[in-house]
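Asks: To start, I am sharing the structure in question, which I have written as structure tokens.
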Amino acid sequence: MAAIACPSSSSSSIVAVSRVESVEPALARLKVWDIIHATRRLRSLGLLGDLAAVAATGAALLLRMVLDPVLPPGFPYLTFFPAVVLTAFFFGLRPGIICAVLSGLAAWYIFIPPFFSFDLSPPTTIALAFYVFIVTVDISLIHIMHLAAARLRADAEETARLYEQQRTMFQELQHRVANNMQFVSAMLRLYAKRAGDDPAAMLTALDDARVRLDVMSRIHRHLYDPANVTRPVGEFFQDLCANLGDAAGARDVRFTVEMPPVRFDLTKLTPLSLIAVEIVTNALKHAFPDGRGTIALRLVQDGDRIVFTISDDGKGMTPAEAPGPGNSLGLKIIHNLAAQIGGRISYDAGPGTTARIEFDRAS
């Protein structure tokens, strides 16, 4: 009976192996990867998966005993191969091995002569070796298929995440470009209104506009550097102030920056940077007659409420000189930038000058 068992079992097992090997071309049509992915919960059952392997072996043994009277001799593994394959597929590697071992022992003891013994004659050894080879190949292929499905799922999720990130970044870039163009347009309108019909004033206005646009260009190159976007705002403003001081030749003006290690997105960081440039530049020009002093930037966070202050210890202002939104073009720009982030700006005069910008982080 053992000699007959090998060819017959080989035929059914080769079919099982070829079925596993031919799964890949059918994946696109049958979405087998999704089915494999859906078995993750079953494959993480642990002890319950082992019990399922025992139950599958028992079911295969019962079915084989029921079919024994109608089957010709030589099919000891007929119902055990499907049990091993299905157990490994749905419950994972360890339950598949448990089912394979139990099924092999049951077939050896009951259906390979001499019956009801673990005799190891040469024909029996050949039959067992064949069984071990087939179930090893089956379980290995199924396990490799599960690993490949997990990698494909991870790659698909990473691709989807990168696509969404690229789409969001593109939309953000479009939004920022539109906002920047609107800001430049509004600033040029303010310059044109201030210049009126005076050609000399128009030339001065164009020169001022050129300087401010050049500053904006440098800030935006700095902001859109990926290495800078993720930096804490304190480091960013420290570098910004250092660049402004160097550009103004203010070697005796000291900058202090006190900010928690928070991060802002570009919709907040861009207006805050332009506000800081406008206020710091104005302080460097007017606050220190002797060229010496300190400019301090401080950010305080209270829940979602942010208070950003820029203060200097310069000559200060009288109450009559306190700035308002209509005093100068620079102040109009500052107020417009504060409005972009849903904030408001106020000033304290003497000693020195302090500008305070308050806004909601979530606005």
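In the structure tokens, each chain is lettered A, B, ... as it comes, each chain's residues begin at 1, and ligands are numbered from 1 in order of appearance.
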Write out as JSON, numbers by chain the residues lying within 12 Å of Leu62 in chain A, counting only C-alpha atoms and excluding same-chain residues fewer than 3 positions away.

Replies: {"A": [55, 56, 57, 58, 59, 65, 66, 67, 68, 78, 79, 80, 83, 103, 106, 107, 110]}

Asks: Take the selection from the previous step and output its residues with N, CA, C and O atoms, as a compact mmCIF listing (two decimals), in the first residue's frame.

Replies:
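Saved as selection_31.txt:
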```
# COMPACT_ATOMS: atom_id res chain seq x y z
N ALA A 55 -7.75 21.01 15.47
CA ALA A 55 -9.10 20.77 14.97
C ALA A 55 -9.08 20.42 13.49
O ALA A 55 -9.83 19.53 13.03
N ALA A 56 -8.25 21.10 12.71
CA ALA A 56 -8.17 20.80 11.28
C ALA A 56 -7.64 19.38 11.06
O ALA A 56 -8.12 18.66 10.18
N THR A 57 -6.67 18.97 11.87
CA THR A 57 -6.16 17.59 11.76
C THR A 57 -7.25 16.59 12.10
O THR A 57 -7.41 15.58 11.40
N GLY A 58 -8.01 16.87 13.16
CA GLY A 58 -9.10 15.96 13.53
C GLY A 58 -10.14 15.87 12.44
O GLY A 58 -10.66 14.77 12.14
N ALA A 59 -10.49 17.03 11.81
CA ALA A 59 -11.48 17.00 10.75
C ALA A 59 -10.98 16.23 9.54
O ALA A 59 -11.74 15.45 8.92
N MET A 65 -11.33 8.80 7.30
CA MET A 65 -11.90 7.53 7.78
C MET A 65 -13.26 7.29 7.15
O MET A 65 -13.61 6.14 6.83
N VAL A 66 -14.04 8.37 6.95
CA VAL A 66 -15.35 8.21 6.30
C VAL A 66 -15.18 7.77 4.85
O VAL A 66 -15.95 6.94 4.34
N LEU A 67 -14.18 8.33 4.18
CA LEU A 67 -13.96 8.01 2.77
C LEU A 67 -13.20 6.70 2.56
O LEU A 67 -13.14 6.20 1.43
N ASP A 68 -12.62 6.13 3.61
CA ASP A 68 -11.77 4.95 3.46
C ASP A 68 -12.46 3.78 2.78
O ASP A 68 -11.85 3.12 1.93
N LEU A 78 -4.72 11.87 1.45
CA LEU A 78 -5.66 12.57 0.58
C LEU A 78 -6.31 13.77 1.26
O LEU A 78 -6.37 14.86 0.69
N THR A 79 -6.83 13.60 2.46
CA THR A 79 -7.51 14.71 3.14
C THR A 79 -6.58 15.54 4.02
O THR A 79 -6.96 16.62 4.47
N PHE A 80 -5.36 15.06 4.24
CA PHE A 80 -4.45 15.78 5.14
C PHE A 80 -3.73 16.94 4.43
O PHE A 80 -3.45 17.97 5.05
N ALA A 83 -5.81 20.06 4.57
CA ALA A 83 -5.85 20.58 5.93
C ALA A 83 -4.59 21.37 6.26
O ALA A 83 -4.64 22.45 6.87
N SER A 103 -0.89 15.48 11.23
CA SER A 103 -1.46 14.76 10.09
C SER A 103 -0.53 13.64 9.62
O SER A 103 -0.99 12.52 9.29
N ALA A 106 -0.82 10.77 12.09
CA ALA A 106 -2.10 10.06 11.96
C ALA A 106 -2.11 9.18 10.72
O ALA A 106 -2.56 8.02 10.77
N ALA A 107 -1.64 9.73 9.59
CA ALA A 107 -1.62 8.93 8.37
C ALA A 107 -0.67 7.74 8.50
O ALA A 107 -0.97 6.63 8.04
N ILE A 110 -2.41 5.08 10.96
CA ILE A 110 -3.70 4.47 10.64
C ILE A 110 -3.78 3.97 9.21
O ILE A 110 -4.35 2.92 8.93
```

Asks: Out of A:Val70, A:Met216, A:Ile279, A:Ala362, which residue has the shortest atom-to-atom distance to Asp304 in chain A when counting only C-alpha atoms?

Replies: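 Of A:Val70, A:Met216, A:Ile279, A:Ala362, the one nearest Asp304 in chain A, counting only C-alpha atoms, is A:Ala362.
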
Asks: Run DSSP on the backbone of this structure and report the residues of range 126-333 of chain A it assigns to strand (DSSP E), as an MDAnalysis selection string.

Replies: chainID A and resid 253:258 293:302 305:312

Asks: Quick check, in Å to one decimal: how far apart do CA of Leu105 in chain A and CA of Ile139 in chain A lie?

Replies: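 Separation between CA of Leu105 in chain A and CA of Ile139 in chain A: 17.1 Å.
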
Asks: Which residue gives the smallest distance to Phe308 in chain A among A:Pro73, A:Gly343, A:Pro114, A:Gly104, with only C-alpha atoms counted?

Replies: A:Gly343

Asks: Do you know which residues are at most 6 Å from Val257 in chain A counting only C-alpha atoms, after dropping those on the same chain fewer than 5 positions away, and could you put them as a ChimeraX atom specification?

Replies: /A:296-298

Asks: Mind checking which residues fall within 10 Å of His146 in chain A, counting only C-alpha atoms, ignoring those fewer than 6 positions away in the same chain, and posting them as a list in words?

Replies: Trp33, Ile36, His37, Thr39, Arg40, Ala88, Phe89, Phe90, Gly92, Leu93, Ser140 and Leu152 of chain A

Asks: Okay, now the selection with N, CA, C and O atoms, as a short mmCIF file (atom, residue, chain, number, x, y, z; two decimals), in the first residue's frame?

Replies:
```cif
data_model
loop_
_atom_site.label_atom_id
_atom_site.label_comp_id
_atom_site.auth_asym_id
_atom_site.auth_seq_id
_atom_site.Cartn_x
_atom_site.Cartn_y
_atom_site.Cartn_z
N TRP A 33 -4.13 39.16 -2.72
CA TRP A 33 -3.35 39.88 -1.73
C TRP A 33 -4.27 40.45 -0.64
O TRP A 33 -3.91 40.47 0.53
N ILE A 36 -5.21 37.58 1.61
CA ILE A 36 -4.09 37.26 2.50
C ILE A 36 -3.98 38.29 3.60
O ILE A 36 -3.78 37.96 4.78
N HIS A 37 -4.14 39.55 3.23
CA HIS A 37 -4.06 40.62 4.23
C HIS A 37 -5.17 40.47 5.27
O HIS A 37 -4.98 40.77 6.45
N THR A 39 -6.28 37.81 6.50
CA THR A 39 -6.03 36.72 7.44
C THR A 39 -5.08 37.12 8.57
O THR A 39 -4.72 36.27 9.39
N ARG A 40 -4.66 38.40 8.61
CA ARG A 40 -3.71 38.83 9.63
C ARG A 40 -4.23 38.55 11.04
O ARG A 40 -3.49 38.10 11.91
N ALA A 88 -2.05 26.49 7.23
CA ALA A 88 -0.91 27.39 7.07
C ALA A 88 -1.34 28.71 6.44
O ALA A 88 -0.82 29.78 6.80
N PHE A 89 -2.29 28.66 5.52
CA PHE A 89 -2.74 29.87 4.84
C PHE A 89 -3.50 30.80 5.78
O PHE A 89 -3.24 32.01 5.83
N PHE A 90 -4.42 30.26 6.55
CA PHE A 90 -5.30 31.11 7.36
C PHE A 90 -4.74 31.40 8.76
O PHE A 90 -5.03 32.45 9.32
N GLY A 92 -1.23 30.67 9.81
CA GLY A 92 0.17 31.01 9.91
C GLY A 92 1.11 29.83 9.93
O GLY A 92 0.71 28.67 9.82
N LEU A 93 2.38 30.16 10.13
CA LEU A 93 3.45 29.16 10.01
C LEU A 93 3.38 28.10 11.10
O LEU A 93 3.39 26.90 10.80
N SER A 140 6.25 26.37 3.13
CA SER A 140 7.25 27.41 2.82
C SER A 140 6.71 28.40 1.80
O SER A 140 6.86 29.62 1.94
N LEU A 152 4.14 44.05 0.14
CA LEU A 152 3.37 44.79 -0.86
C LEU A 152 2.39 45.76 -0.19
O LEU A 152 2.21 46.89 -0.64
#
```

Asks: Hey, what's within 12 Å of Val54 in chain A if we count only C-alpha atoms and toss same-chain stuff fewer than 5 positions away? As a list in words, please?

Replies: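 Counting only C-alpha atoms, the residues come to Leu47, Leu48, Gly49, Ala59, Ala60, Leu61, Phe80, Ala83, Val84, Thr87, Phe91, Arg94, Pro95, Gly96, Ile97, Ile98, Cys99, Ala100, Val101, Leu102, Ser103 and Ala106 of chain A.
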
Asks: For the residues selected in the previous step, produce a file with all heavy atoms as a short mmCIF file (atom, residue, chain, number, x, y, z; two decimals), in the first residue's frame.

Replies:
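So out_16.cif came out as:
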```cif
data_model
loop_
_atom_site.label_atom_id
_atom_site.label_comp_id
_atom_site.auth_asym_id
_atom_site.auth_seq_id
_atom_site.Cartn_x
_atom_site.Cartn_y
_atom_site.Cartn_z
N LEU A 47 -2.27 30.79 20.66
CA LEU A 47 -2.71 29.47 21.10
C LEU A 47 -3.98 29.02 20.40
O LEU A 47 -4.15 27.83 20.09
CB LEU A 47 -2.90 29.47 22.62
CG LEU A 47 -3.33 28.14 23.26
CD1 LEU A 47 -2.29 27.06 22.99
CD2 LEU A 47 -3.57 28.32 24.76
N LEU A 48 -4.87 29.96 20.12
CA LEU A 48 -6.10 29.60 19.41
C LEU A 48 -5.78 29.10 18.01
O LEU A 48 -6.47 28.20 17.49
CB LEU A 48 -7.04 30.81 19.35
CG LEU A 48 -7.64 31.25 20.68
CD1 LEU A 48 -8.52 32.48 20.49
CD2 LEU A 48 -8.46 30.12 21.31
N GLY A 49 -4.75 29.66 17.37
CA GLY A 49 -4.33 29.15 16.08
C GLY A 49 -3.81 27.72 16.17
O GLY A 49 -4.07 26.89 15.30
N ALA A 59 -10.49 17.03 11.81
CA ALA A 59 -11.48 17.00 10.75
C ALA A 59 -10.98 16.23 9.54
O ALA A 59 -11.74 15.45 8.92
CB ALA A 59 -11.84 18.44 10.36
N ALA A 60 -9.69 16.43 9.19
CA ALA A 60 -9.12 15.70 8.06
C ALA A 60 -9.09 14.20 8.33
O ALA A 60 -9.36 13.38 7.44
CB ALA A 60 -7.70 16.22 7.77
N LEU A 61 -8.75 13.82 9.58
CA LEU A 61 -8.72 12.40 9.94
C LEU A 61 -10.11 11.79 9.87
O LEU A 61 -10.29 10.69 9.33
CB LEU A 61 -8.14 12.25 11.36
CG LEU A 61 -8.13 10.84 11.95
CD1 LEU A 61 -7.31 9.89 11.08
CD2 LEU A 61 -7.60 10.87 13.38
N PHE A 80 -5.36 15.06 4.24
CA PHE A 80 -4.45 15.78 5.14
C PHE A 80 -3.73 16.94 4.43
O PHE A 80 -3.45 17.97 5.05
CB PHE A 80 -3.43 14.81 5.75
CG PHE A 80 -4.05 13.80 6.66
CD1 PHE A 80 -4.20 12.48 6.27
CD2 PHE A 80 -4.51 14.17 7.91
CE1 PHE A 80 -4.78 11.55 7.11
CE2 PHE A 80 -5.09 13.25 8.76
CZ PHE A 80 -5.23 11.93 8.36
N ALA A 83 -5.81 20.06 4.57
CA ALA A 83 -5.85 20.58 5.93
C ALA A 83 -4.59 21.37 6.26
O ALA A 83 -4.64 22.45 6.87
CB ALA A 83 -6.05 19.43 6.92
N VAL A 84 -3.42 20.82 5.86
CA VAL A 84 -2.16 21.50 6.12
C VAL A 84 -2.10 22.83 5.37
O VAL A 84 -1.73 23.87 5.93
CB VAL A 84 -0.98 20.60 5.73
CG1 VAL A 84 0.34 21.37 5.82
CG2 VAL A 84 -0.93 19.37 6.62
N THR A 87 -4.64 25.39 6.84
CA THR A 87 -4.21 25.84 8.17
C THR A 87 -3.05 26.82 8.07
O THR A 87 -3.03 27.87 8.72
CB THR A 87 -3.82 24.64 9.04
OG1 THR A 87 -4.93 23.75 9.17
CG2 THR A 87 -3.39 25.10 10.43
N PHE A 91 -3.94 30.47 9.30
CA PHE A 91 -3.51 30.63 10.70
C PHE A 91 -2.00 30.84 10.87
O PHE A 91 -1.56 31.09 11.98
CB PHE A 91 -3.97 29.43 11.52
CG PHE A 91 -5.47 29.33 11.63
CD1 PHE A 91 -6.18 28.48 10.80
CD2 PHE A 91 -6.17 30.09 12.56
CE1 PHE A 91 -7.56 28.39 10.88
CE2 PHE A 91 -7.55 30.00 12.65
CZ PHE A 91 -8.26 29.16 11.80
N ARG A 94 3.32 28.50 12.38
CA ARG A 94 3.36 27.51 13.46
C ARG A 94 2.15 26.57 13.44
O ARG A 94 2.32 25.34 13.52
CB ARG A 94 3.47 28.22 14.81
CG ARG A 94 3.76 27.26 15.95
CD ARG A 94 3.96 28.00 17.24
NE ARG A 94 2.72 28.58 17.74
CZ ARG A 94 2.62 29.34 18.84
NH1 ARG A 94 3.72 29.62 19.53
NH2 ARG A 94 1.47 29.82 19.22
N PRO A 95 0.91 27.09 13.31
CA PRO A 95 -0.22 26.16 13.20
C PRO A 95 -0.09 25.25 11.99
O PRO A 95 -0.50 24.07 12.05
CB PRO A 95 -1.43 27.09 13.09
CG PRO A 95 -1.00 28.34 13.78
CD PRO A 95 0.44 28.48 13.44
N GLY A 96 0.45 25.75 10.87
CA GLY A 96 0.62 24.89 9.70
C GLY A 96 1.58 23.74 9.99
O GLY A 96 1.34 22.60 9.57
N ILE A 97 2.68 24.04 10.70
CA ILE A 97 3.64 22.98 11.05
C ILE A 97 2.99 21.97 12.00
O ILE A 97 3.19 20.75 11.86
CB ILE A 97 4.89 23.60 11.67
CG1 ILE A 97 5.64 24.45 10.62
CG2 ILE A 97 5.81 22.52 12.22
CD1 ILE A 97 6.82 25.22 11.18
N ILE A 98 2.25 22.48 13.00
CA ILE A 98 1.57 21.57 13.95
C ILE A 98 0.62 20.65 13.22
O ILE A 98 0.58 19.42 13.45
CB ILE A 98 0.84 22.39 15.02
CG1 ILE A 98 1.85 23.12 15.91
CG2 ILE A 98 -0.07 21.49 15.86
CD1 ILE A 98 1.21 24.06 16.91
N CYS A 99 -0.18 21.23 12.30
CA CYS A 99 -1.12 20.41 11.53
C CYS A 99 -0.38 19.39 10.66
O CYS A 99 -0.81 18.23 10.55
CB CYS A 99 -1.99 21.32 10.66
SG CYS A 99 -3.25 20.44 9.71
N ALA A 100 0.74 19.78 10.08
CA ALA A 100 1.50 18.87 9.24
C ALA A 100 2.06 17.70 10.05
O ALA A 100 2.01 16.54 9.62
CB ALA A 100 2.64 19.63 8.55
N VAL A 101 2.60 17.99 11.23
CA VAL A 101 3.17 16.93 12.08
C VAL A 101 2.08 15.97 12.54
O VAL A 101 2.22 14.74 12.44
CB VAL A 101 3.90 17.55 13.28
CG1 VAL A 101 4.31 16.45 14.27
CG2 VAL A 101 5.13 18.33 12.81
N LEU A 102 0.97 16.51 13.05
CA LEU A 102 -0.11 15.66 13.53
C LEU A 102 -0.73 14.84 12.40
O LEU A 102 -1.04 13.66 12.57
CB LEU A 102 -1.19 16.51 14.21
CG LEU A 102 -0.76 17.23 15.50
CD1 LEU A 102 -1.92 18.07 16.04
CD2 LEU A 102 -0.31 16.22 16.55
N SER A 103 -0.89 15.48 11.23
CA SER A 103 -1.46 14.76 10.09
C SER A 103 -0.53 13.64 9.62
O SER A 103 -0.99 12.52 9.29
CB SER A 103 -1.72 15.73 8.93
OG SER A 103 -2.67 16.70 9.30
N ALA A 106 -0.82 10.77 12.09
CA ALA A 106 -2.10 10.06 11.96
C ALA A 106 -2.11 9.18 10.72
O ALA A 106 -2.56 8.02 10.77
CB ALA A 106 -3.24 11.08 11.91
#
```

Asks: Among range 81-327 of chain A, which ones does DSSP place in helix (DSSP H, G or I), written as a ChimeraX atom specification?

Replies: /A:81-91,93-110,122-195,199-223,226-229,233-248,266-286,319-321

Asks: Would you compute the distance between CA of Ser311 in chain A and CA of Ala247 in chain A? Give it in Å to one decimal.

Replies: 19.5 Å

Asks: If we count only C-alpha atoms and set the cut-off at 8 Å, which residues sit around Phe237 in chain A, ignoring sequence neighbours fewer than 3 positions away in its own chain? Please answer as number ranges by chain.

Replies: A: 233-234, 240-241, 257, 273

Asks: Could you take the residues named above and write them with all heavy atoms, as a PDB file, in the first residue's frame?

Replies:
```pdb
ATOM      1  N   VAL A 233      11.344  77.471  16.098  1.00  0.00           N
ATOM      2  CA  VAL A 233      11.287  78.862  15.654  1.00  0.00           C
ATOM      3  C   VAL A 233      12.398  79.697  16.288  1.00  0.00           C
ATOM      4  O   VAL A 233      12.857  80.676  15.696  1.00  0.00           O
ATOM      5  CB  VAL A 233       9.912  79.476  15.977  1.00  0.00           C
ATOM      6  CG1 VAL A 233       8.841  78.865  15.122  1.00  0.00           C
ATOM      7  CG2 VAL A 233       9.579  79.325  17.455  1.00  0.00           C
ATOM      8  N   GLY A 234      12.857  79.337  17.478  1.00  0.00           N
ATOM      9  CA  GLY A 234      13.906  80.101  18.124  1.00  0.00           C
ATOM     10  C   GLY A 234      15.180  80.119  17.293  1.00  0.00           C
ATOM     11  O   GLY A 234      15.811  81.174  17.102  1.00  0.00           O
ATOM     12  N   LEU A 240      17.785  84.652  11.521  1.00  0.00           N
ATOM     13  CA  LEU A 240      17.203  85.776  10.803  1.00  0.00           C
ATOM     14  C   LEU A 240      17.726  87.105  11.344  1.00  0.00           C
ATOM     15  O   LEU A 240      18.120  87.999  10.583  1.00  0.00           O
ATOM     16  CB  LEU A 240      15.679  85.713  10.900  1.00  0.00           C
ATOM     17  CG  LEU A 240      14.898  86.787  10.138  1.00  0.00           C
ATOM     18  CD1 LEU A 240      15.130  86.687   8.644  1.00  0.00           C
ATOM     19  CD2 LEU A 240      13.399  86.668  10.451  1.00  0.00           C
ATOM     20  N   CYS A 241      17.742  87.245  12.668  1.00  0.00           N
ATOM     21  CA  CYS A 241      18.241  88.485  13.280  1.00  0.00           C
ATOM     22  C   CYS A 241      19.727  88.690  12.988  1.00  0.00           C
ATOM     23  O   CYS A 241      20.174  89.823  12.735  1.00  0.00           O
ATOM     24  CB  CYS A 241      18.005  88.460  14.785  1.00  0.00           C
ATOM     25  SG  CYS A 241      16.264  88.588  15.253  1.00  0.00           S
ATOM     26  N   VAL A 257      17.005  85.917  21.758  1.00  0.00           N
ATOM     27  CA  VAL A 257      15.801  85.221  21.314  1.00  0.00           C
ATOM     28  C   VAL A 257      15.412  84.220  22.390  1.00  0.00           C
ATOM     29  O   VAL A 257      16.198  83.326  22.726  1.00  0.00           O
ATOM     30  CB  VAL A 257      16.028  84.499  19.967  1.00  0.00           C
ATOM     31  CG1 VAL A 257      14.767  83.736  19.557  1.00  0.00           C
ATOM     32  CG2 VAL A 257      16.427  85.499  18.886  1.00  0.00           C
ATOM     33  N   SER A 273       7.846  86.128  10.101  1.00  0.00           N
ATOM     34  CA  SER A 273       9.189  86.484   9.664  1.00  0.00           C
ATOM     35  C   SER A 273       9.209  87.880   9.054  1.00  0.00           C
ATOM     36  O   SER A 273      10.101  88.690   9.347  1.00  0.00           O
ATOM     37  CB  SER A 273       9.699  85.464   8.649  1.00  0.00           C
ATOM     38  OG  SER A 273       9.696  84.167   9.200  1.00  0.00           O
TER      39      SER A 273
END
```

Asks: Excluding Val300 in chain A and residues on its chain fewer than 3 positions from it, collect all residues at most 10 Å away from it, counting only C-alpha atoms, and give them as a list of chain:residue names.

Replies: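 Surrounding residues, per the criterion: A:Glu258, A:Met259, A:Pro260, A:Gly303, A:Arg305, A:Ile306, A:Val307, A:Phe308, A:Thr309, A:Glu358.
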
Asks: Keeping only C-alpha atoms, write the selected residues as a PDB file, in the first residue's frame.

Replies:
```pdb
ATOM      1  CA  GLU A 258      13.691  83.461  23.955  1.00  0.00           C
ATOM      2  CA  MET A 259      11.268  80.998  22.467  1.00  0.00           C
ATOM      3  CA  PRO A 260      10.048  77.509  23.403  1.00  0.00           C
ATOM      4  CA  GLY A 303      -2.576  77.074  25.343  1.00  0.00           C
ATOM      5  CA  ARG A 305      -2.766  81.694  22.420  1.00  0.00           C
ATOM      6  CA  ILE A 306       0.614  82.997  21.224  1.00  0.00           C
ATOM      7  CA  VAL A 307       2.214  86.312  22.226  1.00  0.00           C
ATOM      8  CA  PHE A 308       5.199  87.337  20.100  1.00  0.00           C
ATOM      9  CA  THR A 309       7.083  90.435  21.306  1.00  0.00           C
ATOM     10  CA  GLU A 358      -1.049  88.240  19.681  1.00  0.00           C
TER      11      GLU A 358
END
```
